[in-house]
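Visitor: mmCIF, C-alpha atoms, saved as model-v4.cif, coming up:
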```cif
data_work
#
loop_
_atom_site.group_PDB
_atom_site.id
_atom_site.type_symbol
_atom_site.label_atom_id
_atom_site.label_comp_id
_atom_site.auth_asym_id
_atom_site.auth_seq_id
_atom_site.Cartn_x
_atom_site.Cartn_y
_atom_site.Cartn_z
ATOM 1 C CA MET A 110 -13.855 -1.811 24.868
ATOM 2 C CA SER A 111 -14.165 0.244 21.735
ATOM 3 C CA PHE A 112 -13.525 -1.433 18.395
ATOM 4 C CA PHE A 113 -13.506 -0.812 14.670
ATOM 5 C CA ARG A 114 -13.332 -3.984 12.564
ATOM 6 C CA VAL A 115 -13.064 -4.609 8.850
ATOM 7 C CA THR A 116 -13.514 -8.088 7.363
ATOM 8 C CA LEU A 117 -13.310 -8.784 3.646
ATOM 9 C CA LEU A 118 -15.875 -11.553 3.237
ATOM 10 C CA GLY A 119 -14.505 -12.086 -0.276
ATOM 11 C CA SER A 120 -13.018 -10.033 -3.079
ATOM 12 C CA GLY A 121 -12.491 -10.776 -6.754
ATOM 13 C CA SER A 122 -13.849 -10.338 -10.262
ATOM 14 C CA ASN A 123 -16.850 -12.557 -9.475
ATOM 15 C CA GLY A 124 -17.885 -11.206 -6.083
ATOM 16 C CA ASN A 125 -17.127 -8.524 -3.511
ATOM 17 C CA CYS A 126 -18.484 -7.971 -0.016
ATOM 18 C CA THR A 127 -16.902 -6.408 3.081
ATOM 19 C CA LEU A 128 -18.150 -6.081 6.654
ATOM 20 C CA ILE A 129 -17.511 -2.942 8.716
ATOM 21 C CA GLU A 130 -18.247 -3.146 12.472
ATOM 22 C CA THR A 131 -18.276 -0.724 15.384
ATOM 23 C CA PRO A 132 -19.973 -0.953 18.800
ATOM 24 C CA LYS A 133 -23.071 0.713 17.309
ATOM 25 C CA VAL A 134 -23.412 -0.422 13.702
ATOM 26 C CA ARG A 135 -22.613 -3.206 11.259
ATOM 27 C CA ILE A 136 -22.523 -2.269 7.586
ATOM 28 C CA LEU A 137 -21.779 -4.237 4.421
ATOM 29 C CA VAL A 138 -19.921 -2.630 1.538
ATOM 30 C CA ASP A 139 -21.420 -4.242 -1.586
ATOM 31 C CA ALA A 140 -23.259 -7.558 -1.795
ATOM 32 C CA GLY A 141 -21.566 -9.329 -4.674
ATOM 33 C CA PHE A 142 -22.235 -12.908 -3.565
ATOM 34 C CA SER A 143 -25.532 -14.752 -3.344
ATOM 35 C CA GLY A 144 -27.592 -14.083 -0.246
ATOM 36 C CA LYS A 145 -26.861 -17.634 0.896
ATOM 37 C CA GLN A 146 -23.111 -17.147 0.474
ATOM 38 C CA ILE A 147 -23.128 -13.856 2.373
ATOM 39 C CA ALA A 148 -25.131 -15.461 5.190
ATOM 40 C CA GLU A 149 -22.695 -18.390 5.380
ATOM 41 C CA ARG A 150 -19.669 -16.091 5.512
ATOM 42 C CA LEU A 151 -21.271 -13.981 8.219
ATOM 43 C CA ALA A 152 -22.083 -17.160 10.153
ATOM 44 C CA GLY A 153 -18.352 -17.872 10.315
ATOM 45 C CA LEU A 154 -18.090 -14.668 12.340
ATOM 46 C CA GLY A 155 -20.999 -15.548 14.614
ATOM 47 C CA LEU A 156 -23.387 -13.193 12.802
ATOM 48 C CA THR A 157 -26.562 -13.384 10.752
ATOM 49 C CA LEU A 158 -28.114 -11.037 8.196
ATOM 50 C CA ALA A 159 -30.372 -9.791 11.008
ATOM 51 C CA ASP A 160 -27.259 -8.208 12.555
ATOM 52 C CA ILE A 161 -26.627 -6.010 9.497
ATOM 53 C CA GLN A 162 -28.054 -2.470 9.565
ATOM 54 C CA GLY A 163 -27.274 -1.419 6.005
ATOM 55 C CA VAL A 164 -25.441 -2.150 2.764
ATOM 56 C CA LEU A 165 -23.520 0.510 0.841
ATOM 57 C CA ILE A 166 -23.250 -0.016 -2.902
ATOM 58 C CA THR A 167 -20.273 1.228 -4.906
ATOM 59 C CA HIS A 168 -21.950 0.574 -8.281
ATOM 60 C CA GLU A 169 -24.468 -1.661 -10.000
ATOM 61 C CA HIS A 170 -22.297 -4.379 -11.601
ATOM 62 C CA SER A 171 -23.310 -7.917 -10.671
ATOM 63 C CA ASP A 172 -20.110 -8.749 -8.795
ATOM 64 C CA HIS A 173 -21.144 -6.038 -6.315
ATOM 65 C CA VAL A 174 -24.926 -6.515 -6.096
ATOM 66 C CA MET A 175 -25.680 -10.198 -6.761
ATOM 67 C CA GLY A 176 -27.061 -10.790 -3.268
ATOM 68 C CA LEU A 177 -28.901 -7.491 -2.956
ATOM 69 C CA PRO A 178 -32.405 -8.843 -3.781
ATOM 70 C CA VAL A 179 -32.177 -11.278 -0.855
ATOM 71 C CA LEU A 180 -30.746 -8.695 1.545
ATOM 72 C CA ALA A 181 -33.271 -6.044 0.552
ATOM 73 C CA ASN A 182 -36.448 -8.019 -0.151
ATOM 74 C CA ARG A 183 -36.185 -10.836 2.377
ATOM 75 C CA TRP A 184 -34.298 -9.068 5.176
ATOM 76 C CA ASN A 185 -35.352 -5.487 4.448
ATOM 77 C CA ILE A 186 -31.816 -4.202 4.984
ATOM 78 C CA PRO A 187 -31.544 -0.495 4.022
ATOM 79 C CA VAL A 188 -29.604 0.170 0.809
ATOM 80 C CA TYR A 189 -27.298 3.204 0.659
ATOM 81 C CA CYS A 190 -26.341 4.378 -2.814
ATOM 82 C CA ASN A 191 -26.568 7.337 -5.177
ATOM 83 C CA ARG A 192 -29.605 8.041 -7.351
ATOM 84 C CA LEU A 193 -28.287 6.686 -10.662
ATOM 85 C CA THR A 194 -27.163 3.455 -9.038
ATOM 86 C CA ALA A 195 -30.562 3.086 -7.359
ATOM 87 C CA GLU A 196 -32.392 3.660 -10.653
ATOM 88 C CA SER A 197 -30.357 0.889 -12.293
ATOM 89 C CA LEU A 198 -31.171 -1.520 -9.437
ATOM 90 C CA LYS A 199 -34.875 -0.784 -8.949
ATOM 91 C CA PRO A 200 -36.109 -3.053 -11.789
ATOM 92 C CA ASP A 201 -34.843 -6.033 -9.761
ATOM 93 C CA LEU A 202 -36.263 -4.593 -6.521
ATOM 94 C CA PRO A 203 -39.684 -3.257 -7.548
ATOM 95 C CA LYS A 204 -41.274 -3.558 -4.089
ATOM 96 C CA PHE A 205 -38.302 -2.455 -2.007
ATOM 97 C CA LYS A 206 -38.767 0.965 -0.383
ATOM 98 C CA ASP A 207 -35.891 1.558 2.033
ATOM 99 C CA TRP A 208 -33.487 3.378 -0.282
ATOM 100 C CA ARG A 209 -31.084 5.738 1.524
ATOM 101 C CA LEU A 210 -29.893 7.970 -1.305
ATOM 102 C CA PHE A 211 -26.865 10.237 -1.232
ATOM 103 C CA ARG A 212 -25.209 12.462 -3.786
ATOM 104 C CA THR A 213 -21.697 11.316 -4.647
ATOM 105 C CA GLY A 214 -19.309 13.672 -2.863
ATOM 106 C CA GLU A 215 -21.448 13.978 0.263
ATOM 107 C CA SER A 216 -20.661 12.390 3.609
ATOM 108 C CA LEU A 217 -22.939 10.136 5.647
ATOM 109 C CA ASP A 218 -23.219 9.848 9.412
ATOM 110 C CA LEU A 219 -24.036 6.267 10.396
ATOM 111 C CA GLU A 220 -24.135 6.120 14.173
ATOM 112 C CA ASP A 221 -20.446 6.302 15.227
ATOM 113 C CA LEU A 222 -19.143 6.184 11.647
ATOM 114 C CA THR A 223 -18.673 8.973 9.140
ATOM 115 C CA VAL A 224 -18.531 7.815 5.517
ATOM 116 C CA ASP A 225 -17.014 9.999 2.818
ATOM 117 C CA THR A 226 -18.156 9.272 -0.742
ATOM 118 C CA PHE A 227 -16.294 10.283 -3.892
ATOM 119 C CA PRO A 228 -16.511 9.579 -7.648
ATOM 120 C CA ILE A 229 -14.224 7.063 -9.352
ATOM 121 C CA PRO A 230 -13.611 6.503 -13.099
ATOM 122 C CA HIS A 231 -15.316 3.233 -14.043
ATOM 123 C CA ASP A 232 -17.804 2.144 -16.704
ATOM 124 C CA ALA A 233 -20.885 2.254 -14.486
ATOM 125 C CA TYR A 234 -23.689 4.811 -14.030
ATOM 126 C CA ASP A 235 -22.222 6.697 -11.037
ATOM 127 C CA PRO A 236 -19.518 4.578 -9.351
ATOM 128 C CA CYS A 237 -18.052 5.752 -6.079
ATOM 129 C CA GLY A 238 -15.462 4.958 -3.456
ATOM 130 C CA PHE A 239 -15.788 5.222 0.320
ATOM 131 C CA VAL A 240 -13.684 6.178 3.307
ATOM 132 C CA PHE A 241 -15.033 5.158 6.728
ATOM 133 C CA HIS A 242 -13.859 7.421 9.562
ATOM 134 C CA ARG A 243 -13.983 6.685 13.273
ATOM 135 C CA GLY A 244 -11.812 8.708 15.606
ATOM 136 C CA SER A 245 -8.322 8.914 14.145
ATOM 137 C CA GLU A 246 -8.802 5.739 12.091
ATOM 138 C CA ALA A 247 -9.992 5.554 8.471
ATOM 139 C CA VAL A 248 -10.760 2.583 6.198
ATOM 140 C CA GLY A 249 -10.742 3.359 2.476
ATOM 141 C CA PHE A 250 -12.319 1.458 -0.431
ATOM 142 C CA LEU A 251 -10.784 1.993 -3.847
ATOM 143 C CA THR A 252 -11.714 -0.694 -6.362
ATOM 144 C CA ASP A 253 -13.196 -0.778 -9.867
ATOM 145 C CA LEU A 254 -11.386 2.153 -11.431
ATOM 146 C CA GLY A 255 -9.220 2.540 -14.504
ATOM 147 C CA TYR A 256 -6.952 5.160 -12.965
ATOM 148 C CA ALA A 257 -6.769 7.322 -9.853
ATOM 149 C CA THR A 258 -7.750 10.959 -10.296
ATOM 150 C CA LYS A 259 -6.252 13.677 -8.109
ATOM 151 C CA LEU A 260 -9.528 13.779 -6.174
ATOM 152 C CA VAL A 261 -9.390 10.031 -5.531
ATOM 153 C CA VAL A 262 -5.825 10.235 -4.224
ATOM 154 C CA GLU A 263 -6.727 13.184 -2.015
ATOM 155 C CA ARG A 264 -9.773 11.463 -0.533
ATOM 156 C CA VAL A 265 -8.083 8.182 0.425
ATOM 157 C CA ARG A 266 -4.765 9.552 1.706
ATOM 158 C CA ALA A 267 -6.232 9.781 5.201
ATOM 159 C CA SER A 268 -6.666 5.991 5.263
ATOM 160 C CA THR A 269 -4.965 3.892 7.897
ATOM 161 C CA VAL A 270 -6.384 0.801 6.154
ATOM 162 C CA LEU A 271 -6.982 0.722 2.402
ATOM 163 C CA ILE A 272 -8.650 -1.831 0.122
ATOM 164 C CA LEU A 273 -7.052 -1.205 -3.284
ATOM 165 C CA GLU A 274 -7.835 -2.891 -6.583
ATOM 166 C CA ALA A 275 -5.110 -4.973 -8.236
ATOM 167 C CA ASN A 276 -7.311 -6.611 -10.845
ATOM 168 C CA HIS A 277 -4.990 -8.104 -13.439
ATOM 169 C CA ASP A 278 -1.525 -8.727 -14.751
ATOM 170 C CA VAL A 279 -1.364 -7.120 -18.200
ATOM 171 C CA GLY A 280 0.514 -10.050 -19.734
ATOM 172 C CA LEU A 281 -1.905 -12.644 -18.348
ATOM 173 C CA LEU A 282 -4.876 -10.572 -19.498
ATOM 174 C CA ARG A 283 -3.593 -10.226 -23.041
ATOM 175 C CA ALA A 284 -2.849 -13.954 -23.201
ATOM 176 C CA ASP A 285 -6.242 -14.947 -21.805
ATOM 177 C CA THR A 286 -8.304 -17.001 -24.252
ATOM 178 C CA LYS A 287 -11.647 -16.671 -22.450
ATOM 179 C CA ARG A 288 -12.130 -12.934 -22.980
ATOM 180 C CA PRO A 289 -12.834 -11.311 -26.366
ATOM 181 C CA TRP A 290 -10.496 -8.513 -27.402
ATOM 182 C CA GLY A 291 -13.252 -5.960 -26.828
ATOM 183 C CA VAL A 292 -13.573 -7.029 -23.188
ATOM 184 C CA LYS A 293 -9.811 -6.828 -22.744
ATOM 185 C CA GLN A 294 -9.824 -3.297 -24.142
ATOM 186 C CA ARG A 295 -12.557 -2.320 -21.694
ATOM 187 C CA ILE A 296 -10.576 -3.706 -18.755
ATOM 188 C CA LEU A 297 -7.404 -1.911 -19.861
ATOM 189 C CA ALA A 298 -9.175 1.410 -20.537
ATOM 190 C CA ARG A 299 -9.230 4.480 -18.271
ATOM 191 C CA HIS A 300 -12.693 3.489 -17.058
ATOM 192 C CA GLY A 301 -11.784 -0.165 -16.588
ATOM 193 C CA HIS A 302 -9.685 -1.770 -13.865
ATOM 194 C CA LEU A 303 -6.275 -1.263 -12.264
ATOM 195 C CA SER A 304 -3.485 -3.648 -13.251
ATOM 196 C CA ASN A 305 -0.897 -4.737 -10.692
ATOM 197 C CA GLU A 306 1.523 -2.085 -11.980
ATOM 198 C CA ALA A 307 -1.178 0.587 -11.903
ATOM 199 C CA ALA A 308 -2.107 -0.440 -8.362
ATOM 200 C CA ALA A 309 1.529 -0.112 -7.329
ATOM 201 C CA THR A 310 1.645 3.385 -8.813
ATOM 202 C CA VAL A 311 -1.544 4.378 -6.976
ATOM 203 C CA ALA A 312 -0.210 2.917 -3.727
ATOM 204 C CA ALA A 313 2.940 4.983 -4.156
ATOM 205 C CA GLN A 314 0.832 8.137 -4.616
ATOM 206 C CA ILE A 315 -1.347 7.412 -1.613
ATOM 207 C CA VAL A 316 1.053 6.022 0.989
ATOM 208 C CA THR A 317 1.667 8.160 4.067
ATOM 209 C CA ASP A 318 2.936 7.497 7.573
ATOM 210 C CA ARG A 319 -0.704 6.901 8.526
ATOM 211 C CA LEU A 320 -1.253 3.946 6.188
ATOM 212 C CA ARG A 321 -0.573 0.663 7.976
ATOM 213 C CA HIS A 322 -2.545 -2.015 6.130
ATOM 214 C CA LEU A 323 -3.076 -2.418 2.392
ATOM 215 C CA PHE A 324 -5.464 -5.078 1.058
ATOM 216 C CA LEU A 325 -5.057 -5.950 -2.616
ATOM 217 C CA GLY A 326 -8.589 -6.679 -3.818
ATOM 218 C CA HIS A 327 -10.780 -7.448 -6.826
ATOM 219 C CA LEU A 328 -8.182 -9.831 -8.317
ATOM 220 C CA SER A 329 -9.124 -11.672 -11.489
ATOM 221 C CA GLU A 330 -9.009 -15.425 -10.974
ATOM 222 C CA ASP A 331 -8.004 -15.931 -14.612
ATOM 223 C CA CYS A 332 -5.695 -12.975 -15.220
ATOM 224 C CA ASN A 333 -3.865 -12.504 -11.950
ATOM 225 C CA ARG A 334 -2.300 -14.283 -8.991
ATOM 226 C CA PRO A 335 -2.379 -13.012 -5.381
ATOM 227 C CA GLU A 336 1.361 -13.607 -4.978
ATOM 228 C CA LEU A 337 2.106 -11.722 -8.200
ATOM 229 C CA ALA A 338 0.014 -8.716 -7.191
ATOM 230 C CA GLU A 339 1.693 -8.661 -3.790
ATOM 231 C CA GLN A 340 5.167 -8.853 -5.315
ATOM 232 C CA VAL A 341 4.582 -5.952 -7.716
ATOM 233 C CA VAL A 342 3.096 -3.607 -5.103
ATOM 234 C CA LYS A 343 5.578 -4.590 -2.399
ATOM 235 C CA SER A 344 8.517 -4.002 -4.750
ATOM 236 C CA LYS A 345 7.259 -0.507 -5.588
ATOM 237 C CA LEU A 346 6.882 0.450 -1.935
ATOM 238 C CA GLU A 347 10.295 -0.992 -1.060
ATOM 239 C CA GLN A 348 11.871 1.142 -3.802
ATOM 240 C CA MET A 349 10.402 4.150 -1.995
ATOM 241 C CA GLY A 350 11.819 3.009 1.336
ATOM 242 C CA VAL A 351 8.353 2.215 2.705
ATOM 243 C CA ALA A 352 8.541 -0.610 5.239
ATOM 244 C CA HIS A 353 5.684 0.138 7.651
ATOM 245 C CA VAL A 354 2.773 -0.976 5.438
ATOM 246 C CA GLN A 355 1.542 -4.560 5.806
ATOM 247 C CA ILE A 356 0.217 -5.934 2.510
ATOM 248 C CA HIS A 357 -2.663 -8.422 2.605
ATOM 249 C CA LYS A 358 -3.744 -10.729 -0.205
ATOM 250 C CA THR A 359 -7.482 -11.252 -0.683
ATOM 251 C CA PHE A 360 -9.422 -14.147 -2.153
ATOM 252 C CA GLN A 361 -12.670 -14.837 -3.947
ATOM 253 C CA GLY A 362 -13.473 -18.073 -2.200
ATOM 254 C CA ASN A 363 -12.946 -17.283 1.469
ATOM 255 C CA PRO A 364 -12.900 -14.323 3.862
ATOM 256 C CA ASN A 365 -9.810 -12.649 5.244
ATOM 257 C CA SER A 366 -9.276 -12.669 8.981
ATOM 258 C CA PRO A 367 -10.858 -9.610 10.612
ATOM 259 C CA LEU A 368 -8.664 -6.575 11.118
ATOM 260 C CA GLU A 369 -9.452 -4.854 14.398
ATOM 261 C CA VAL A 370 -8.749 -1.476 15.961
ATOM 262 C CA GLU A 371 -8.758 -1.685 19.751
ATOM 263 C CA GLY A 372 -8.527 0.892 22.489
ATOM 264 C CA PRO A 373 -9.327 4.636 22.513
ATOM 265 C CA LEU A 374 -9.915 6.187 19.110
ATOM 266 C CA ASP A 375 -9.470 9.867 19.973
ATOM 267 C CA LYS A 376 -5.693 9.764 20.320
ATOM 268 C CA GLU A 377 -3.858 12.014 17.878
ATOM 269 C CA THR A 378 -2.013 10.173 15.136
ATOM 270 C CA PRO A 379 1.562 11.481 14.758
ATOM 271 C CA GLU A 380 2.262 13.305 11.527
ATOM 272 C CA LYS A 381 5.568 11.531 11.037
ATOM 273 C CA GLY A 382 6.777 8.123 12.116
ATOM 274 C CA PHE A 383 4.940 5.491 14.111
ATOM 275 C CA PRO A 384 4.675 4.669 17.819
ATOM 276 C CA ALA A 385 7.458 2.466 19.148
ATOM 277 C CA GLU A 386 4.975 -0.233 20.068
ATOM 278 C CA GLY A 387 3.976 -0.683 16.415
ATOM 279 C CA PRO A 388 0.674 -0.317 14.569
ATOM 280 C CA ALA A 389 -2.614 -0.247 16.474
ATOM 281 C CA LEU A 390 -4.240 -2.598 13.996
ATOM 282 C CA ALA A 391 -3.578 -6.304 14.067
ATOM 283 C CA PRO A 392 -5.304 -9.101 12.145
ATOM 284 C CA ARG A 393 -6.646 -11.943 14.224
ATOM 285 C CA ASP A 394 -9.328 -14.601 14.136
ATOM 286 C CA TYR A 395 -12.338 -13.982 16.304
ATOM 287 C CA VAL A 396 -15.959 -14.909 16.859
ATOM 288 C CA SER A 397 -17.902 -11.694 17.310
ATOM 289 C CA PRO A 398 -20.537 -11.631 20.056
ATOM 290 C CA LYS A 399 -23.972 -11.812 18.505
ATOM 291 C CA VAL A 400 -26.148 -8.752 18.952
ATOM 292 C CA SER A 401 -29.771 -9.711 19.549
ATOM 293 C CA GLU A 402 -31.148 -6.197 19.267
ATOM 294 C CA PRO A 403 -28.801 -4.162 17.063
ATOM 295 C CA SER A 404 -29.186 -0.392 17.103
ATOM 296 C CA PRO A 405 -30.722 0.953 13.891
ATOM 297 C CA ALA A 406 -28.450 3.029 11.694
ATOM 298 C CA VAL A 407 -29.081 6.764 11.887
ATOM 299 C CA PHE A 408 -28.893 8.351 8.444
ATOM 300 C CA VAL A 409 -27.833 11.978 8.173
ATOM 301 C CA LEU A 410 -26.465 13.792 5.146
ATOM 302 C CA ARG A 411 -23.954 16.562 5.446
ATOM 303 C CA ALA A 412 -21.899 18.442 2.900
ATOM 304 C CA ALA A 413 -18.445 17.035 2.200
#
```
If you convert what's in this file into structure tokens, what do you get?

Guide:
Amino acid sequence: MSFFRVTLLGSGSNGNCTLIETPKVRILVDAGFSGKQIAERLAGLGLTLADIQGVLITHEHSDHVMGLPVLANRWNIPVYCNRLTAESLKPDLPKFKDWRLFRTGESLDLEDLTVDTFPIPHDAYDPCGFVFHRGSEAVGFLTDLGYATKLVVERVRASTVLILEANHDVGLLRADTKRPWGVKQRILARHGHLSNEAAATVAAQIVTDRLRHLFLGHLSEDCNRPELAEQVVKSKLEQMGVAHVQIHKTFQGNPNSPLEVEGPLDKETPEKGFPAEGPALAPRDYVSPKVSEPSPAVFVLRAA
């Protein structure tokens, strides 16, 4: 049976890592936990780091690359990123050679996945977002941005599943005593992070009949609450009459249940409305069969 799974191994201001699986490839998006933590979270799914064929990096901040030295140096997992991100990471990986570089805006072919890359406004060297395509399904990653440009909205509108940043509540951030005012200004700036209200606005711009699952990610443990983020975004969508999108809270300390696409993936998705039987995606717990000899990822660049 064909499948397309996405599992957020953890998401928050102090660590981000997501697993994407198909019958031919397993890819991590970011490695923002220690190598040990990533291995333990994969073990809960019946996997090891030996089952991973690559890690895609959105940008070089520590909450997205903390575990990269272990994954790259000890396990020799290929690292996919743009040139400026690679240059910022190489001092910590002086002996690592398996860099798979792309130019932001290009698309990658990874076995049975196509990955679109696009620039996002954030205070990093060359931060980018991703959309993973397989058949009629698409999983979008949109975190670590101060606002959504027209290009960003255009790129992720094809998503049937979207991971969207809802980093902070503005009131809680301003009242926070741990962060200096300069840090707060950076977070609130146009190259900072999305607040709950900003995330709701972006969700309203992006939502289509295709979108079925929305994960609210990269939440600050100090300056936000999962229930608060959910309430703000849900209220905005309800005001628009949107009732078909399932909103998922995410957590720093533990993975979400895997979200799985099952069945044929070449069926046309209707332009309006949804099938009577409901969405094709459904979250469920599972233990993935372990692959002893995973197929290597095939890396091809093509123009976006």

Visitor: If we count all atoms listed in the file and set the cut-off at 12 Å, which residues sit around range 288-295 of chain A, ignoring sequence neighbours fewer than 2 positions away in its own chain? Please answer as a PyMOL selection string.

Guide: chain A and resi 231-233+253-255+277-286+297-304+329+331-332

Visitor: At what distance in Å, to one decimal, does CA of Leu325 in chain A lie from CA of Leu217 in chain A?

Guide: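 Pair CA of Leu217 in chain A / CA of Leu325 in chain A returns 25.4 Å.
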
Visitor: For a quick check of understanding, using only C-alpha atoms, which of A:Asp235, A:Asp201, A:Glu220, A:Glu336 has the smallest distance to Thr167 in chain A?

Guide: A:Asp235

Visitor: I'd like the interatomic distance between CA of Ile166 in chain A and CA of Cys190 in chain A, to a tenth of an Å.

Guide: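 Going from CA of Ile166 in chain A over to CA of Cys190 in chain A covers 5.4 Å.
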
Visitor: Neighbouring residues of Ala312 in chain A were defined as those with any atom within 12 Å, considering only C-alpha atoms; residues of the same chain fewer than 6 positions away were excluded. Please report them as a PDB file with C-alpha atoms, in the frame of the given file.

Guide:
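Generated output (around.pdb):
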```
ATOM      1  CA  LEU A 251     -10.784   1.993  -3.847  1.00  0.00           C
ATOM      2  CA  TYR A 256      -6.952   5.160 -12.965  1.00  0.00           C
ATOM      3  CA  ALA A 257      -6.769   7.322  -9.853  1.00  0.00           C
ATOM      4  CA  VAL A 261      -9.390  10.031  -5.531  1.00  0.00           C
ATOM      5  CA  VAL A 262      -5.825  10.235  -4.224  1.00  0.00           C
ATOM      6  CA  VAL A 265      -8.083   8.182   0.425  1.00  0.00           C
ATOM      7  CA  ARG A 266      -4.765   9.552   1.706  1.00  0.00           C
ATOM      8  CA  SER A 268      -6.666   5.991   5.263  1.00  0.00           C
ATOM      9  CA  VAL A 270      -6.384   0.801   6.154  1.00  0.00           C
ATOM     10  CA  LEU A 271      -6.982   0.722   2.402  1.00  0.00           C
ATOM     11  CA  ILE A 272      -8.650  -1.831   0.122  1.00  0.00           C
ATOM     12  CA  LEU A 273      -7.052  -1.205  -3.284  1.00  0.00           C
ATOM     13  CA  GLU A 274      -7.835  -2.891  -6.583  1.00  0.00           C
ATOM     14  CA  ALA A 275      -5.110  -4.973  -8.236  1.00  0.00           C
ATOM     15  CA  LEU A 303      -6.275  -1.263 -12.264  1.00  0.00           C
ATOM     16  CA  ASN A 305      -0.897  -4.737 -10.692  1.00  0.00           C
ATOM     17  CA  GLU A 306       1.523  -2.085 -11.980  1.00  0.00           C
ATOM     18  CA  LEU A 320      -1.253   3.946   6.188  1.00  0.00           C
ATOM     19  CA  ARG A 321      -0.573   0.663   7.976  1.00  0.00           C
ATOM     20  CA  HIS A 322      -2.545  -2.015   6.130  1.00  0.00           C
ATOM     21  CA  LEU A 323      -3.076  -2.418   2.392  1.00  0.00           C
ATOM     22  CA  PHE A 324      -5.464  -5.078   1.058  1.00  0.00           C
ATOM     23  CA  LEU A 325      -5.057  -5.950  -2.616  1.00  0.00           C
ATOM     24  CA  GLU A 339       1.693  -8.661  -3.790  1.00  0.00           C
ATOM     25  CA  VAL A 341       4.582  -5.952  -7.716  1.00  0.00           C
ATOM     26  CA  VAL A 342       3.096  -3.607  -5.103  1.00  0.00           C
ATOM     27  CA  LYS A 343       5.578  -4.590  -2.399  1.00  0.00           C
ATOM     28  CA  SER A 344       8.517  -4.002  -4.750  1.00  0.00           C
ATOM     29  CA  LYS A 345       7.259  -0.507  -5.588  1.00  0.00           C
ATOM     30  CA  LEU A 346       6.882   0.450  -1.935  1.00  0.00           C
ATOM     31  CA  GLU A 347      10.295  -0.992  -1.060  1.00  0.00           C
ATOM     32  CA  MET A 349      10.402   4.150  -1.995  1.00  0.00           C
ATOM     33  CA  VAL A 351       8.353   2.215   2.705  1.00  0.00           C
ATOM     34  CA  VAL A 354       2.773  -0.976   5.438  1.00  0.00           C
ATOM     35  CA  ILE A 356       0.217  -5.934   2.510  1.00  0.00           C
TER      36      ILE A 356
END
```

Visitor: May I ask for the distance between CA of Lys133 in chain A and CA of Leu151 in chain A, given in Å to one decimal place?

Guide: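 Atom-to-atom, CA of Lys133 in chain A to CA of Leu151 in chain A, that is 17.4 Å.
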
Visitor: In file coordinates, which residues lie within 12 Å of (-35.5, 6.2, -0.4) using all atoms listed in the file, given as a ChimeraX atom specification?

Guide: /A:187-192,195-196,199,204-211,408

Visitor: At a cut-off of 7 Å, using only C-alpha atoms, what residues contact range 115-123 of chain A? Leave out same-chain residues fewer than 4 positions from it and give the result as a CSV table (one decimal) with C-alpha atoms, in the frame of the given file.

Guide:
```
chain,number,residue,atom,x,y,z
A,127,THR,CA,-16.9,-6.4,3.1
A,128,LEU,CA,-18.2,-6.1,6.7
A,129,ILE,CA,-17.5,-2.9,8.7
A,130,GLU,CA,-18.2,-3.1,12.5
A,150,ARG,CA,-19.7,-16.1,5.5
A,172,ASP,CA,-20.1,-8.7,-8.8
A,326,GLY,CA,-8.6,-6.7,-3.8
A,327,HIS,CA,-10.8,-7.4,-6.8
A,328,LEU,CA,-8.2,-9.8,-8.3
A,329,SER,CA,-9.1,-11.7,-11.5
A,359,THR,CA,-7.5,-11.3,-0.7
A,360,PHE,CA,-9.4,-14.1,-2.2
A,361,GLN,CA,-12.7,-14.8,-3.9
A,362,GLY,CA,-13.5,-18.1,-2.2
A,363,ASN,CA,-12.9,-17.3,1.5
A,364,PRO,CA,-12.9,-14.3,3.9
A,365,ASN,CA,-9.8,-12.6,5.2
A,366,SER,CA,-9.3,-12.7,9.0
A,367,PRO,CA,-10.9,-9.6,10.6
A,368,LEU,CA,-8.7,-6.6,11.1
A,369,GLU,CA,-9.5,-4.9,14.4
```

Visitor: I want to know what sits within 10 Å of Ile147 in chain A, based on all atoms listed in the file, with residues of the same chain fewer than 6 positions away left out; could you give that as a list in words?

Guide: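 Non-adjacent residues within range: Leu118, Gly119, Asn125, Cys126, Thr127, Leu137, Ala140, Gly141, Thr157, Leu158, Gly176, Val179 and Leu180 of chain A.
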
Visitor: Can you find the residues with an atom no farther than 7 Å from (-26.0, -4.2, 8.5), counting only C-alpha atoms, and report them as a PDB file with C-alpha atoms, in the frame of the given file?

Guide:
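As written to disk, result39.pdb reads:
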```
ATOM      1  CA  VAL A 134     -23.412  -0.422  13.702  1.00  0.00           C
ATOM      2  CA  ARG A 135     -22.613  -3.206  11.259  1.00  0.00           C
ATOM      3  CA  ILE A 136     -22.523  -2.269   7.586  1.00  0.00           C
ATOM      4  CA  LEU A 137     -21.779  -4.237   4.421  1.00  0.00           C
ATOM      5  CA  ASP A 160     -27.259  -8.208  12.555  1.00  0.00           C
ATOM      6  CA  ILE A 161     -26.627  -6.010   9.497  1.00  0.00           C
ATOM      7  CA  GLN A 162     -28.054  -2.470   9.565  1.00  0.00           C
ATOM      8  CA  GLY A 163     -27.274  -1.419   6.005  1.00  0.00           C
ATOM      9  CA  VAL A 164     -25.441  -2.150   2.764  1.00  0.00           C
ATOM     10  CA  ILE A 186     -31.816  -4.202   4.984  1.00  0.00           C
TER      11      ILE A 186
END
```
